[in-house]
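Structure data follow from start_24.txt (compact mmCIF, C-alpha atoms):
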```
# COMPACT_ATOMS: atom_id res chain seq x y z
CA MET K 3 -36.33 -131.87 -198.09
CA THR K 4 -34.10 -132.86 -200.95
CA VAL K 5 -35.20 -133.13 -204.56
CA LEU K 6 -35.07 -136.93 -204.46
CA GLU K 7 -37.36 -137.09 -201.45
CA THR K 8 -39.82 -134.73 -203.10
CA VAL K 9 -39.90 -136.80 -206.28
CA SER K 10 -40.30 -139.96 -204.21
CA LEU K 11 -43.20 -138.56 -202.19
CA LEU K 12 -44.86 -137.21 -205.32
CA LEU K 13 -44.68 -140.60 -207.06
CA ILE K 14 -46.09 -142.40 -204.01
CA PHE K 15 -48.88 -139.84 -203.72
CA VAL K 16 -49.86 -140.20 -207.39
CA GLY K 17 -49.73 -143.98 -206.97
CA GLY K 18 -52.07 -143.74 -204.01
CA CYS K 19 -54.45 -141.62 -206.10
CA PHE K 20 -54.52 -144.38 -208.73
CA PHE K 21 -55.50 -146.89 -206.02
CA ILE K 22 -58.30 -144.63 -204.84
CA ILE K 23 -59.56 -144.10 -208.40
CA GLY K 24 -59.46 -147.85 -208.99
CA SER K 25 -61.45 -148.47 -205.81
CA ILE K 26 -64.07 -145.88 -206.79
CA GLY K 27 -64.29 -147.52 -210.18
CA MET K 28 -64.80 -150.93 -208.62
CA LEU K 29 -67.64 -149.61 -206.47
CA ARG K 30 -69.34 -147.47 -209.08
CA PHE K 31 -68.91 -149.15 -212.46
CA PRO K 32 -71.96 -150.97 -213.79
CA ASP K 33 -70.77 -154.50 -214.62
CA ALA K 34 -68.08 -157.01 -213.77
CA TYR K 35 -65.98 -156.30 -216.86
CA CYS K 36 -65.84 -152.57 -216.27
CA ARG K 37 -64.97 -153.12 -212.64
CA LEU K 38 -62.15 -155.46 -213.64
CA HIS K 39 -60.84 -152.82 -215.99
CA ALA K 40 -60.88 -150.23 -213.23
CA THR K 41 -59.15 -152.31 -210.57
CA THR K 42 -56.48 -154.08 -212.59
CA LYS K 43 -55.33 -151.14 -214.66
CA ALA K 44 -55.35 -148.66 -211.83
CA ASP K 45 -53.68 -151.03 -209.39
CA ASN K 46 -50.88 -151.99 -211.76
CA VAL K 47 -50.03 -148.37 -212.46
CA GLY K 48 -50.60 -147.38 -208.83
CA LEU K 49 -48.31 -150.07 -207.49
CA GLY K 50 -45.75 -149.23 -210.17
CA LEU K 51 -45.72 -145.60 -209.09
CA VAL K 52 -45.49 -146.51 -205.40
CA VAL K 53 -42.60 -148.88 -206.13
CA GLY K 54 -40.98 -146.22 -208.29
CA GLY K 55 -41.30 -143.75 -205.45
CA LEU K 56 -39.85 -146.19 -202.94
CA LEU K 57 -36.88 -146.88 -205.23
CA PHE K 58 -35.60 -143.38 -204.43
CA GLN K 59 -35.54 -144.23 -200.73
CA VAL K 60 -33.89 -147.66 -200.60
CA ASP K 61 -30.24 -147.89 -199.69
CA SER K 62 -29.17 -151.00 -201.57
CA ALA K 63 -29.59 -152.31 -205.10
CA TRP K 64 -30.68 -155.65 -203.60
CA THR K 65 -33.76 -154.13 -201.99
CA ALA K 66 -34.52 -152.15 -205.13
CA GLY K 67 -34.38 -155.35 -207.16
CA LYS K 68 -36.76 -157.04 -204.73
CA LEU K 69 -39.24 -154.18 -205.05
CA VAL K 70 -39.17 -154.33 -208.85
CA VAL K 71 -39.63 -158.11 -208.80
CA ILE K 72 -42.64 -157.68 -206.50
CA TRP K 73 -44.15 -155.23 -208.97
CA LEU K 74 -43.53 -157.53 -211.95
CA LEU K 75 -45.06 -160.50 -210.14
CA MET K 76 -48.08 -158.43 -209.18
CA ILE K 77 -48.57 -157.37 -212.82
CA LEU K 78 -48.33 -160.98 -213.93
CA SER K 79 -50.80 -162.30 -211.38
CA ALA K 80 -53.22 -159.37 -211.73
CA ALA K 81 -53.34 -159.78 -215.50
CA THR K 82 -53.95 -163.53 -215.16
CA ALA K 83 -56.55 -163.12 -212.44
CA CYS K 84 -58.33 -160.47 -214.49
CA GLN K 85 -58.61 -162.81 -217.46
CA LEU K 86 -59.80 -165.67 -215.24
CA ILE K 87 -62.49 -163.59 -213.54
CA ALA K 88 -63.69 -162.18 -216.85
CA ARG K 89 -63.82 -165.68 -218.30
CA ALA K 90 -65.76 -166.98 -215.29
CA ALA K 91 -68.18 -164.06 -215.55
CA ARG K 92 -68.70 -164.70 -219.25
CA GLN K 93 -69.28 -168.41 -218.70
CA SER K 94 -71.81 -167.80 -215.97
CA GLY K 95 -73.73 -165.51 -218.32
CA VAL K 96 -72.97 -162.00 -217.11
CA GLN K 97 -74.14 -159.71 -219.90
CA LEU K 98 -72.11 -156.80 -221.17
CA TRP K 99 -73.46 -153.51 -219.93
CA GLU K 100 -74.80 -151.15 -222.56
CA LYS K 101 -75.74 -147.58 -221.98
CA ARG K 102 -79.45 -147.14 -222.56
CA SER K 103 -80.65 -144.00 -224.27
CA ASP K 104 -83.16 -143.11 -221.54
CA GLU K 105 -80.38 -142.97 -218.98
CA SER K 106 -78.34 -139.88 -219.07
CA MET A 7 -47.68 -138.46 -187.69
CA SER A 8 -49.09 -140.18 -184.65
CA ALA A 9 -52.56 -138.81 -185.42
CA ALA A 10 -52.45 -140.51 -188.82
CA LEU A 11 -51.44 -143.75 -187.13
CA TRP A 12 -54.35 -143.40 -184.71
CA VAL A 13 -56.72 -143.02 -187.64
CA LEU A 14 -55.20 -146.07 -189.29
CA ASP A 15 -55.55 -148.12 -186.10
CA ILE A 16 -59.16 -147.12 -185.59
CA LEU A 17 -59.95 -147.90 -189.23
CA LEU A 18 -58.26 -151.30 -188.87
CA CYS A 19 -60.14 -152.18 -185.67
CA GLY A 20 -63.45 -151.00 -187.05
CA SER A 21 -63.07 -152.89 -190.31
CA LEU A 22 -62.06 -156.04 -188.43
CA VAL A 23 -65.23 -155.98 -186.33
CA TRP A 24 -67.41 -155.12 -189.31
CA LEU A 25 -65.89 -157.79 -191.56
CA GLY A 26 -66.12 -160.36 -188.78
CA CYS A 27 -69.83 -159.64 -188.37
CA GLN A 28 -70.28 -159.81 -192.15
CA ALA A 29 -68.52 -163.16 -192.35
CA LEU A 30 -70.69 -164.62 -189.58
CA LEU A 31 -74.06 -163.04 -190.30
CA LEU A 32 -74.39 -162.83 -194.08
CA PRO A 33 -76.80 -165.55 -195.19
CA ASP A 34 -75.15 -165.85 -198.61
CA LEU A 35 -72.21 -168.25 -198.17
CA TYR A 36 -70.21 -166.82 -201.04
CA ARG A 37 -70.39 -163.27 -199.71
CA ALA A 38 -69.60 -164.48 -196.20
CA THR A 39 -66.52 -166.27 -197.51
CA ALA A 40 -65.40 -163.19 -199.40
CA SER A 41 -65.78 -161.17 -196.19
CA PHE A 42 -63.75 -163.78 -194.35
CA ILE A 43 -60.91 -163.53 -196.87
CA VAL A 44 -60.87 -159.73 -196.63
CA PHE A 45 -60.98 -160.15 -192.85
CA GLY A 46 -57.82 -162.26 -193.19
CA VAL A 47 -56.10 -159.51 -195.18
CA MET A 48 -57.04 -156.97 -192.50
CA VAL A 49 -55.65 -159.28 -189.81
CA VAL A 50 -52.40 -159.37 -191.79
CA LEU A 51 -52.27 -155.57 -191.73
CA THR A 52 -53.03 -155.60 -188.02
CA TRP A 53 -50.17 -157.97 -187.27
CA ALA A 54 -47.85 -155.89 -189.45
CA ARG A 55 -48.98 -152.81 -187.52
CA LEU A 56 -48.25 -154.61 -184.24
CA GLN A 57 -44.74 -155.31 -185.60
CA ALA A 58 -45.23 -159.06 -185.69
CA PRO A 59 -44.05 -159.93 -189.22
CA ASP A 60 -43.96 -163.66 -188.46
CA LEU A 61 -47.63 -163.72 -187.62
CA ALA A 62 -48.45 -161.46 -190.56
CA LEU A 63 -46.69 -163.85 -192.93
CA ALA A 64 -48.38 -166.89 -191.46
CA GLU A 65 -51.79 -165.23 -191.50
CA ALA A 66 -51.33 -164.09 -195.11
CA ALA A 67 -50.35 -167.57 -196.21
CA ILE A 68 -52.71 -169.66 -194.10
CA GLY A 69 -55.60 -167.46 -193.01
CA ALA A 70 -56.19 -165.33 -196.07
CA GLY A 71 -54.64 -167.60 -198.68
CA ILE A 72 -55.05 -171.33 -198.25
CA THR A 73 -58.10 -171.21 -195.95
CA GLY A 74 -59.79 -168.80 -198.34
CA ALA A 75 -59.19 -171.15 -201.27
CA LEU A 76 -60.45 -174.12 -199.23
CA LEU A 77 -63.61 -172.29 -198.17
CA LEU A 78 -64.33 -171.09 -201.70
CA SER A 79 -64.02 -174.60 -203.10
CA ILE A 80 -66.36 -175.86 -200.37
CA VAL A 81 -68.87 -173.08 -201.11
CA ALA A 82 -68.82 -174.06 -204.78
CA VAL A 83 -69.54 -177.71 -203.91
CA VAL A 84 -72.23 -176.83 -201.34
CA SER A 85 -74.10 -174.40 -203.59
CA ASN A 86 -73.99 -176.91 -206.46
CA THR A 87 -75.44 -179.72 -204.34
CA GLN A 88 -77.99 -177.36 -202.79
CA ALA A 89 -79.18 -176.28 -206.22
CA ALA A 90 -79.34 -179.91 -207.33
CA THR A 91 -81.29 -181.10 -204.26
CA ALA A 92 -83.59 -178.10 -204.34
CA GLY A 93 -84.41 -178.83 -207.96
CA ALA A 94 -84.94 -182.52 -207.27
CA ALA A 95 -86.81 -182.19 -203.98
CA GLN A 96 -89.41 -179.69 -205.04
CA PRO A 97 -91.56 -181.90 -207.29
CA GLU A 98 -91.24 -184.89 -204.93
CA HIS A 99 -92.76 -182.96 -202.05
CA GLY A 100 -95.66 -181.91 -204.20
CA ALA A 101 -96.29 -185.49 -205.27
CA GLU A 102 -96.11 -186.87 -201.72
CA ARG A 103 -98.57 -184.47 -200.23
CA GLY A 104 -100.88 -184.65 -203.16
CA THR A 105 -102.68 -181.35 -203.47
CA SER A 106 -101.25 -179.71 -200.35
CA PRO A 107 -99.89 -176.33 -201.36
CA SER A 108 -96.14 -176.35 -201.57
CA ILE A 109 -96.02 -172.67 -200.63
CA ARG A 110 -96.94 -173.42 -197.02
CA ASN A 111 -94.32 -176.14 -197.04
CA VAL A 112 -91.63 -173.76 -198.15
CA ALA A 113 -92.75 -171.15 -195.62
CA GLU A 114 -92.60 -173.73 -192.82
CA CYS A 115 -89.14 -174.74 -193.94
CA ALA A 116 -87.94 -171.15 -193.97
CA ASP A 117 -89.50 -170.54 -190.57
CA ARG A 118 -87.81 -173.56 -189.06
CA ARG A 119 -84.53 -172.60 -190.65
CA GLY A 120 -84.87 -169.07 -189.33
CA LYS A 121 -85.46 -170.32 -185.79
CA GLN A 122 -82.51 -172.64 -186.00
CA TRP A 123 -80.42 -169.77 -187.34
CA CYS A 124 -81.43 -167.62 -184.36
CA TRP A 125 -80.62 -170.41 -181.92
CA ASN A 126 -77.23 -171.06 -183.50
CA HIS A 127 -76.27 -167.42 -183.35
CA ALA A 128 -77.56 -166.97 -179.81
CA LEU A 129 -75.52 -170.00 -178.77
CA ILE A 130 -72.36 -168.42 -180.14
CA GLY A 131 -73.20 -164.78 -179.63
CA VAL A 132 -74.15 -164.74 -175.96
CA PRO A 133 -70.89 -166.28 -174.67
CA ILE A 134 -68.89 -163.96 -176.91
CA VAL A 135 -70.72 -160.89 -175.64
CA LEU A 136 -70.02 -162.09 -172.10
CA LEU A 137 -66.41 -162.86 -172.94
CA VAL A 138 -65.54 -159.45 -174.38
CA PRO A 139 -65.76 -157.44 -171.11
CA ILE A 140 -63.90 -160.17 -169.23
CA LEU A 141 -61.08 -160.06 -171.77
CA GLY A 142 -61.12 -156.28 -171.70
CA VAL A 143 -60.75 -156.23 -167.91
CA ALA A 144 -57.99 -158.83 -168.12
CA ILE A 145 -56.02 -156.79 -170.66
CA LEU A 146 -56.50 -153.50 -168.82
CA SER A 147 -55.33 -155.06 -165.55
CA LEU A 148 -52.00 -156.06 -167.11
CA PRO A 149 -48.99 -153.91 -166.18
CA ALA A 150 -48.15 -151.30 -168.79
CA GLU A 151 -44.57 -152.55 -169.12
CA ALA A 152 -44.59 -156.14 -170.32
CA VAL A 153 -42.66 -158.45 -168.00
CA GLY A 154 -42.79 -161.53 -170.18
CA LEU A 155 -40.23 -164.14 -171.05
CA ALA A 156 -38.88 -162.11 -173.96
CA ASP A 157 -35.55 -161.31 -172.32
CA SER A 158 -34.70 -164.84 -171.27
CA THR A 159 -35.90 -166.10 -174.64
CA ARG A 160 -33.51 -163.74 -176.39
CA GLU A 161 -30.69 -164.64 -174.05
CA HIS A 162 -30.83 -168.36 -174.83
CA SER A 163 -31.83 -168.13 -178.48
CA VAL A 164 -28.39 -169.08 -179.79
CA ARG A 165 -28.39 -172.24 -177.67
CA ALA A 166 -31.93 -172.91 -178.84
CA GLY A 167 -30.71 -173.10 -182.42
CA ALA A 168 -32.52 -170.13 -183.98
CA THR A 169 -31.89 -166.42 -183.56
CA ASN A 170 -35.38 -165.70 -184.86
CA LEU A 171 -37.24 -165.82 -181.56
CA VAL A 172 -40.49 -167.05 -183.07
CA THR A 173 -38.74 -170.03 -184.63
CA ALA A 174 -36.90 -170.68 -181.38
CA VAL A 175 -40.19 -170.70 -179.49
CA LEU A 176 -42.06 -172.78 -182.06
CA LEU A 177 -39.41 -175.43 -182.60
CA ASN A 178 -37.49 -175.57 -179.38
CA TYR A 179 -39.06 -173.99 -176.32
CA ARG A 180 -42.54 -175.14 -177.22
CA SER A 181 -41.90 -177.77 -179.86
CA TYR A 182 -44.60 -179.93 -178.30
CA ASP A 183 -47.24 -177.54 -179.67
CA THR A 184 -45.79 -177.59 -183.16
CA LEU A 185 -45.52 -181.38 -183.11
CA LEU A 186 -49.20 -181.66 -182.28
CA GLU A 187 -50.15 -179.02 -184.87
CA ILE A 188 -48.56 -181.10 -187.59
CA ALA A 189 -50.35 -184.15 -186.20
CA VAL A 190 -53.68 -182.28 -186.32
CA LEU A 191 -53.13 -181.43 -189.99
CA LEU A 192 -52.39 -185.07 -190.73
CA VAL A 193 -55.55 -186.18 -188.93
CA ALA A 194 -57.55 -183.61 -190.89
CA VAL A 195 -56.43 -184.95 -194.24
CA LEU A 196 -57.09 -188.54 -193.12
CA ALA A 197 -60.59 -187.54 -191.99
CA GLU A 198 -61.25 -185.85 -195.32
CA ARG A 199 -60.10 -188.95 -197.17
CA SER A 200 -62.52 -191.13 -195.26
CA LEU A 201 -65.36 -188.67 -195.90
CA VAL A 202 -64.74 -187.99 -199.56
CA GLY A 203 -63.91 -191.47 -200.79
CA GLU A 204 -62.15 -192.15 -204.02
CA SER A 205 -64.54 -191.10 -206.73
CA ASN A 206 -65.37 -187.63 -205.54
CA ARG A 207 -62.22 -185.85 -206.53
CA SER A 208 -62.75 -182.20 -207.20
CA GLY A 209 -60.01 -181.35 -209.67
CA GLY A 210 -60.52 -178.88 -212.48
CA GLU A 211 -59.42 -181.13 -215.31
CA ASP A 212 -62.15 -180.02 -217.70
CA GLU A 213 -61.51 -176.38 -217.04
CA SER A 214 -58.05 -176.38 -218.51
CA PHE A 215 -57.22 -172.89 -219.59
CA ALA A 216 -54.10 -172.06 -221.56
CA LEU A 217 -53.47 -168.73 -219.88
CA LEU A 218 -53.66 -170.14 -216.36
CA ARG A 219 -51.43 -173.04 -217.36
CA GLY A 220 -48.90 -170.65 -218.82
CA PHE A 221 -49.01 -168.56 -215.67
CA VAL A 222 -48.45 -171.61 -213.49
CA ARG A 223 -45.51 -172.68 -215.66
CA VAL A 224 -43.86 -169.30 -215.05
CA VAL A 225 -44.70 -169.07 -211.37
CA ALA A 226 -44.14 -172.67 -210.24
CA PRO A 227 -40.32 -172.61 -210.17
CA LEU A 228 -40.38 -169.22 -208.45
CA MET A 229 -42.70 -170.56 -205.78
CA VAL A 230 -40.49 -173.56 -205.10
CA VAL A 231 -37.45 -171.29 -204.76
CA MET A 232 -39.42 -168.95 -202.48
CA ALA A 233 -40.50 -171.86 -200.31
CA GLY A 234 -36.89 -172.93 -199.90
CA TYR A 235 -35.86 -169.35 -199.14
CA VAL A 236 -38.59 -168.80 -196.56
CA LEU A 237 -37.70 -172.09 -194.92
CA TRP A 238 -34.00 -171.23 -194.78
CA VAL A 239 -34.32 -167.70 -193.45
CA GLY A 240 -36.74 -168.94 -190.79
CA SER A 241 -33.86 -169.48 -188.38
CA TYR A 242 -32.88 -165.81 -188.26
CA GLU A 243 -35.68 -163.82 -189.93
CA PRO A 244 -39.45 -164.11 -190.25
CA GLY A 245 -40.24 -167.33 -192.05
CA GLY A 246 -40.31 -171.01 -191.33
CA ALA A 247 -41.90 -174.33 -192.02
CA PHE A 248 -45.55 -173.28 -192.02
CA GLN A 249 -45.04 -170.39 -194.41
CA ALA A 250 -42.89 -172.51 -196.72
CA GLY A 251 -45.44 -175.31 -196.59
CA CYS A 252 -48.18 -172.87 -197.48
CA LEU A 253 -46.25 -171.71 -200.53
CA LEU A 254 -45.88 -175.32 -201.67
CA ALA A 255 -49.56 -175.93 -200.97
CA SER A 256 -50.68 -172.90 -202.95
CA LEU A 257 -48.56 -174.19 -205.81
CA GLY A 258 -50.45 -177.47 -205.50
CA VAL A 259 -53.77 -175.59 -205.53
CA LEU A 260 -52.73 -173.69 -208.67
CA LEU A 261 -51.68 -176.92 -210.34
CA GLY A 262 -55.02 -178.48 -209.45
CA LEU A 263 -57.00 -175.51 -210.75
CA SER A 264 -55.09 -175.26 -214.01
CA GLY A 265 -55.76 -178.90 -214.79
CA LEU A 266 -52.13 -179.84 -215.16
CA HIS A 267 -51.69 -183.51 -214.39
CA THR A 268 -50.21 -184.59 -211.11
CA PRO A 269 -46.63 -185.69 -211.81
CA HIS A 270 -46.59 -189.38 -212.65
CA TRP A 271 -43.93 -190.19 -210.07
CA LEU A 272 -46.29 -189.13 -207.28
CA ARG A 273 -47.69 -192.60 -206.58
CA PRO A 274 -50.29 -192.98 -203.82
CA LYS A 275 -47.72 -194.77 -201.65
CA LEU A 276 -45.21 -191.95 -202.07
CA GLU A 277 -47.91 -189.39 -201.30
CA ASP A 278 -48.75 -191.21 -198.07
CA CYS A 279 -45.07 -191.19 -197.14
CA LEU A 280 -44.83 -187.44 -197.82
CA LEU A 281 -47.93 -186.83 -195.71
CA VAL A 282 -46.42 -188.42 -192.62
CA LEU A 283 -42.82 -187.35 -193.30
CA GLY A 284 -42.95 -184.20 -191.17
CA LEU A 285 -44.50 -185.86 -188.16
CA ALA A 286 -42.21 -188.87 -188.50
CA VAL A 287 -39.01 -186.81 -188.61
CA PHE A 288 -40.23 -184.69 -185.70
CA LEU A 289 -40.99 -187.77 -183.61
CA LEU A 290 -37.72 -189.46 -184.61
CA VAL A 291 -35.68 -186.44 -183.54
CA GLY A 292 -37.76 -186.07 -180.39
CA THR A 293 -37.27 -189.65 -179.33
CA GLY A 294 -33.74 -189.84 -180.74
CA VAL A 295 -32.47 -187.28 -178.26
CA MET A 296 -33.83 -189.49 -175.49
CA LEU A 297 -31.06 -191.95 -176.36
CA LEU A 298 -28.63 -189.24 -175.22
CA ARG A 299 -30.36 -189.29 -171.83
CA ARG A 300 -32.27 -186.16 -172.50
CA ASN A 301 -35.97 -185.43 -172.24
CA PHE A 302 -38.36 -185.83 -175.15
CA LEU A 303 -37.65 -183.05 -177.71
CA GLU A 304 -34.80 -181.61 -175.61
CA TYR A 305 -32.23 -181.05 -178.35
CA PRO A 306 -28.56 -180.80 -177.47
CA PRO A 307 -27.61 -177.11 -177.91
CA GLU A 308 -24.69 -177.76 -180.27
CA ALA A 309 -26.91 -179.71 -182.70
CA ALA A 310 -30.11 -177.75 -182.20
CA LYS A 311 -29.78 -175.67 -185.35
CA THR A 312 -29.25 -178.67 -187.63
CA LEU A 313 -32.04 -180.67 -186.01
CA ILE A 314 -34.48 -177.77 -186.29
CA LEU A 315 -33.61 -177.32 -189.95
CA TRP A 316 -34.26 -181.01 -190.67
CA ILE A 317 -37.54 -180.93 -188.79
CA GLU A 318 -38.62 -177.77 -190.58
CA ALA A 319 -37.64 -179.06 -194.03
CA ALA A 320 -39.59 -182.28 -193.54
CA GLY A 321 -42.43 -180.37 -191.92
CA ALA A 322 -42.68 -177.88 -194.81
CA ILE A 323 -42.95 -180.70 -197.36
CA SER A 324 -45.61 -182.47 -195.32
CA ILE A 325 -47.60 -179.29 -194.65
CA GLY A 326 -47.49 -178.45 -198.34
CA VAL A 327 -48.71 -181.88 -199.41
CA ILE A 328 -51.36 -182.00 -196.67
CA LEU A 329 -52.86 -178.59 -197.45
CA ALA A 330 -52.80 -179.20 -201.19
CA ALA A 331 -54.43 -182.61 -200.66
CA LEU A 332 -57.11 -181.01 -198.48
CA PHE A 333 -57.98 -178.76 -201.40
CA VAL A 334 -58.51 -181.55 -203.93
CA GLY A 335 -60.41 -183.92 -201.67
CA GLY A 336 -57.72 -185.70 -199.70
CA ARG A 337 -55.71 -187.28 -202.49
CA LEU A 338 -53.20 -185.68 -204.81
CA ALA A 339 -51.92 -188.76 -206.59
CA ASP A 340 -54.03 -190.45 -209.22
CA SER A 341 -55.19 -193.83 -208.02
CA PRO A 342 -54.16 -196.72 -210.29
CA ARG A 343 -57.74 -197.12 -211.45
CA ARG A 344 -57.99 -193.53 -212.64
CA GLU A 345 -54.71 -193.82 -214.45
CA GLU A 346 -55.92 -196.88 -216.35
CA ARG A 347 -58.96 -194.99 -217.43
CA ARG A 348 -56.86 -192.14 -218.63
CA CYS A 349 -54.66 -194.45 -220.69
```
Can you dump the structure from the file as structure tokens?
Amino acid sequence: MTVLETVSLLLIFVGGCFFIIGSIGMLRFPDAYCRLHATTKADNVGLGLVVGGLLFQVDSAWTAGKLVVIWLLMILSAATACQLIARAARQSGVQLWEKRSDES
Amino acid sequence: MSAALWVLDILLCGSLVWLGCQALLLPDLYRATASFIVFGVMVVLTWARLQAPDLALAEAAIGAGITGALLLSIVAVVSNTQAATAGAAQPEHGAERGTSPSIRNVAECADRRGKQWCWNHALIGVPIVLLVPILGVAILSLPAEAVGLADSTREHSVRAGATNLVTAVLLNYRSYDTLLEIAVLLVAVLAERSLVGESNRSGGEDESFALLRGFVRVVAPLMVVMAGYVLWVGSYEPGGAFQAGCLLASLGVLLGLSGLHTPHWLRPKLEDCLLVLGLAVFLLVGTGVMLLRRNFLEYPPEAAKTLILWIEAAGAISIGVILAALFVGGRLADSPRREERRC
């Protein structure tokens, strides 16, 4: 295995870990806003790392450009969707979660 | 490697069955719809795994995307009206029956609804349970090596006008099917128009939101370019009229949600023309070749590519307008009366 392949696999693996962490956060976090934070942040970084890892494996600049554009579009739409969902949650009266003192 | 793929396949199959059950059985419509959309995404992965990128693209655009948006908008309308009628009906019942306890009434209602629910699901469930083993036997009795029409399809694909076999099948070998599919979409939008009427337009004009509008302004040109690209590559790579039409339609949905006004040049008459454009061009080409003493929809091989491109271009525009119109209640263009009010 060459150095490039190792770096590529490592990046993809770390990206996958971000996706898993984001999913755990979405399942376990207490309210809609926290869950949004978990999914959007983790997915943007995760996808970025996966794309970065794949960039080492593509054979043409054209494909590499396509991959980067996909990542940028995903960031754009994820950020917008996150704002929209948070706004909808706020308008429908979802309260911010606060840690109570009796919970530990 | 193959063990990992086995695990992936089993996970895919299991999640498909589970999500399908969720979508059908969950009593909460919103959750059921969410399950259905995730089901669509899983179907996309399944098609990709079966190396059918055309189907994966179409399913992503139509099944998970546009249908999901349509269902969600319907759920919003239904739950709103249900809440309104429930609030309005409750006191009326009490007044009608005088002192009769409304609790029993509600219990009766729930009971009746539960029975109906059981009947509905038995009616669908029993045939499906019977169908599954029959289908299983049918699939297992097939020969292991497929002896389909793939080879002869590939052989004649250049004469058929598209080296992408799926496009060749959809628009030449079996163009009848595609013609009728476009006709079905047209009928659907006409039916919705007659049901919804003019006043009941469900656009999000009050919910204008600067961020969404800014997003749409950035994405809209990209989506138009992508639609053109997908349409053009359809003749030799996965893509085609339905996928391109879906991209246009999702642009229409975004425009409707962000509260941007429908362009003023889109008059109702023009919208009607765009709705029927795809079917009209398809029928014109189909009957036009009959003048050359050919059968209906039997394109001459030397012109097949051009004809298919024209049909697909017109079809993509019509599919886009039809699906977008379905989302906003059958009409995209502002009727003259609404425009007066706005002025």
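The space between atom CA of Trp99 of chain K and atom CA of Leu78 of chain A spans 26.9 Å.
Interatomic distance, atom CA of Gly294 of chain A against atom CA of Phe248 of chain A: 23.3 Å.
Going from atom CA of Val175 of chain A over to atom CA of Ser163 of chain A, you cover 8.8 Å.
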Proximity of chain A to chain K: per-residue shortest pair, 8 Å limit, all atoms listed in the file, as a Markdown table:
```
| residue | atom | partner | partner_atom | distance |
| --- | --- | --- | --- | --- |
| A:Leu217 | CA | K:Thr82 | CA | 7.0 |
| A:Leu218 | CA | K:Thr82 | CA | 6.7 |
| A:Phe221 | CA | K:Thr82 | CA | 7.1 |
```
Would you mind listing what lies within 8 Å of Ala40 of chain K as a PyMOL selection string, with all atoms listed in the file counted and same-chain residues fewer than 2 positions away left out? chain K and resi 23-25+27-28+36-38+42-44
What's the 12 Å shell around Arg160 of chain A, counting all atoms listed in the file, without same-chain residues fewer than 2 positions away, as JSON, numbers by chain? {"A": [154, 155, 156, 157, 158, 162, 163, 164, 165, 166, 167, 168, 169, 170, 171, 172, 173, 174, 175, 179]}
Got a sec: who's within 9 Å of Gln28 of chain A, counting all atoms listed in the file, leaving out chain neighbours fewer than 2 positions off, as a PyMOL selection string? chain A and resi 23-26+30-32+37-38+41-42
Would you save the residues of that selection, restricted to C-alpha atoms, as a PDB file, in the coordinates of the input?
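For reference, result37.pdb as written:
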```
ATOM      1  CA  VAL A  23     -65.230-155.980-186.330  1.00  0.00           C
ATOM      2  CA  TRP A  24     -67.410-155.120-189.310  1.00  0.00           C
ATOM      3  CA  LEU A  25     -65.890-157.790-191.560  1.00  0.00           C
ATOM      4  CA  GLY A  26     -66.120-160.360-188.780  1.00  0.00           C
ATOM      5  CA  LEU A  30     -70.690-164.620-189.580  1.00  0.00           C
ATOM      6  CA  LEU A  31     -74.060-163.040-190.300  1.00  0.00           C
ATOM      7  CA  LEU A  32     -74.390-162.830-194.080  1.00  0.00           C
ATOM      8  CA  ARG A  37     -70.390-163.270-199.710  1.00  0.00           C
ATOM      9  CA  ALA A  38     -69.600-164.480-196.200  1.00  0.00           C
ATOM     10  CA  SER A  41     -65.780-161.170-196.190  1.00  0.00           C
ATOM     11  CA  PHE A  42     -63.750-163.780-194.350  1.00  0.00           C
TER      12      PHE A  42
END
```
Using all atoms listed in the file, list the residues that have an atom at most 12 Å from (-49.5, -183.1, -183.3), coordinates as in the file, as a compact mmCIF listing (two decimals) with C-alpha atoms, in the coordinates of the input.
```
# COMPACT_ATOMS: atom_id res chain seq x y z
CA SER A 181 -41.90 -177.77 -179.86
CA TYR A 182 -44.60 -179.93 -178.30
CA ASP A 183 -47.24 -177.54 -179.67
CA THR A 184 -45.79 -177.59 -183.16
CA LEU A 185 -45.52 -181.38 -183.11
CA LEU A 186 -49.20 -181.66 -182.28
CA GLU A 187 -50.15 -179.02 -184.87
CA ILE A 188 -48.56 -181.10 -187.59
CA ALA A 189 -50.35 -184.15 -186.20
CA VAL A 190 -53.68 -182.28 -186.32
CA LEU A 191 -53.13 -181.43 -189.99
CA LEU A 192 -52.39 -185.07 -190.73
CA VAL A 193 -55.55 -186.18 -188.93
CA ALA A 194 -57.55 -183.61 -190.89
CA VAL A 282 -46.42 -188.42 -192.62
CA GLY A 284 -42.95 -184.20 -191.17
CA LEU A 285 -44.50 -185.86 -188.16
CA ALA A 286 -42.21 -188.87 -188.50
CA PHE A 288 -40.23 -184.69 -185.70
CA LEU A 289 -40.99 -187.77 -183.61
CA GLY A 321 -42.43 -180.37 -191.92
```
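With only C-alpha atoms as the atoms that count, the minimum distance from Ala82 of chain A to the choices A:Cys19, A:Leu35, A:Cys27, A:Val334 is reached by A:Leu35.
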Return as lines of an AutoDock Vina configuration file the centre and edge lengths, in Å with one decimal, of the box along x, y and z that encloses every atom of segment 56-73 of chain K in the file, padded by 4 Å per side.
```
center_x = -36.7
center_y = -150.7
center_z = -204.3
size_x = 23.0
size_y = 22.7
size_z = 17.3
```
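If you count only C-alpha atoms and ignore residues fewer than 5 places along the chain from Ile72 of chain K, what sits within 10 Å of it is Leu49, Gly50, Val53, Ala66, Gly67, Ile77 and Leu78 of chain K.
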With a distance cut-off of 7 Å and only C-alpha atoms, select the neighbouring residues of Leu303 of chain A, excluding the residue or stretch itself and same-chain residues fewer than 2 positions from it, and output the selection as a ChimeraX atom specification. /A:292-293,295,301,305
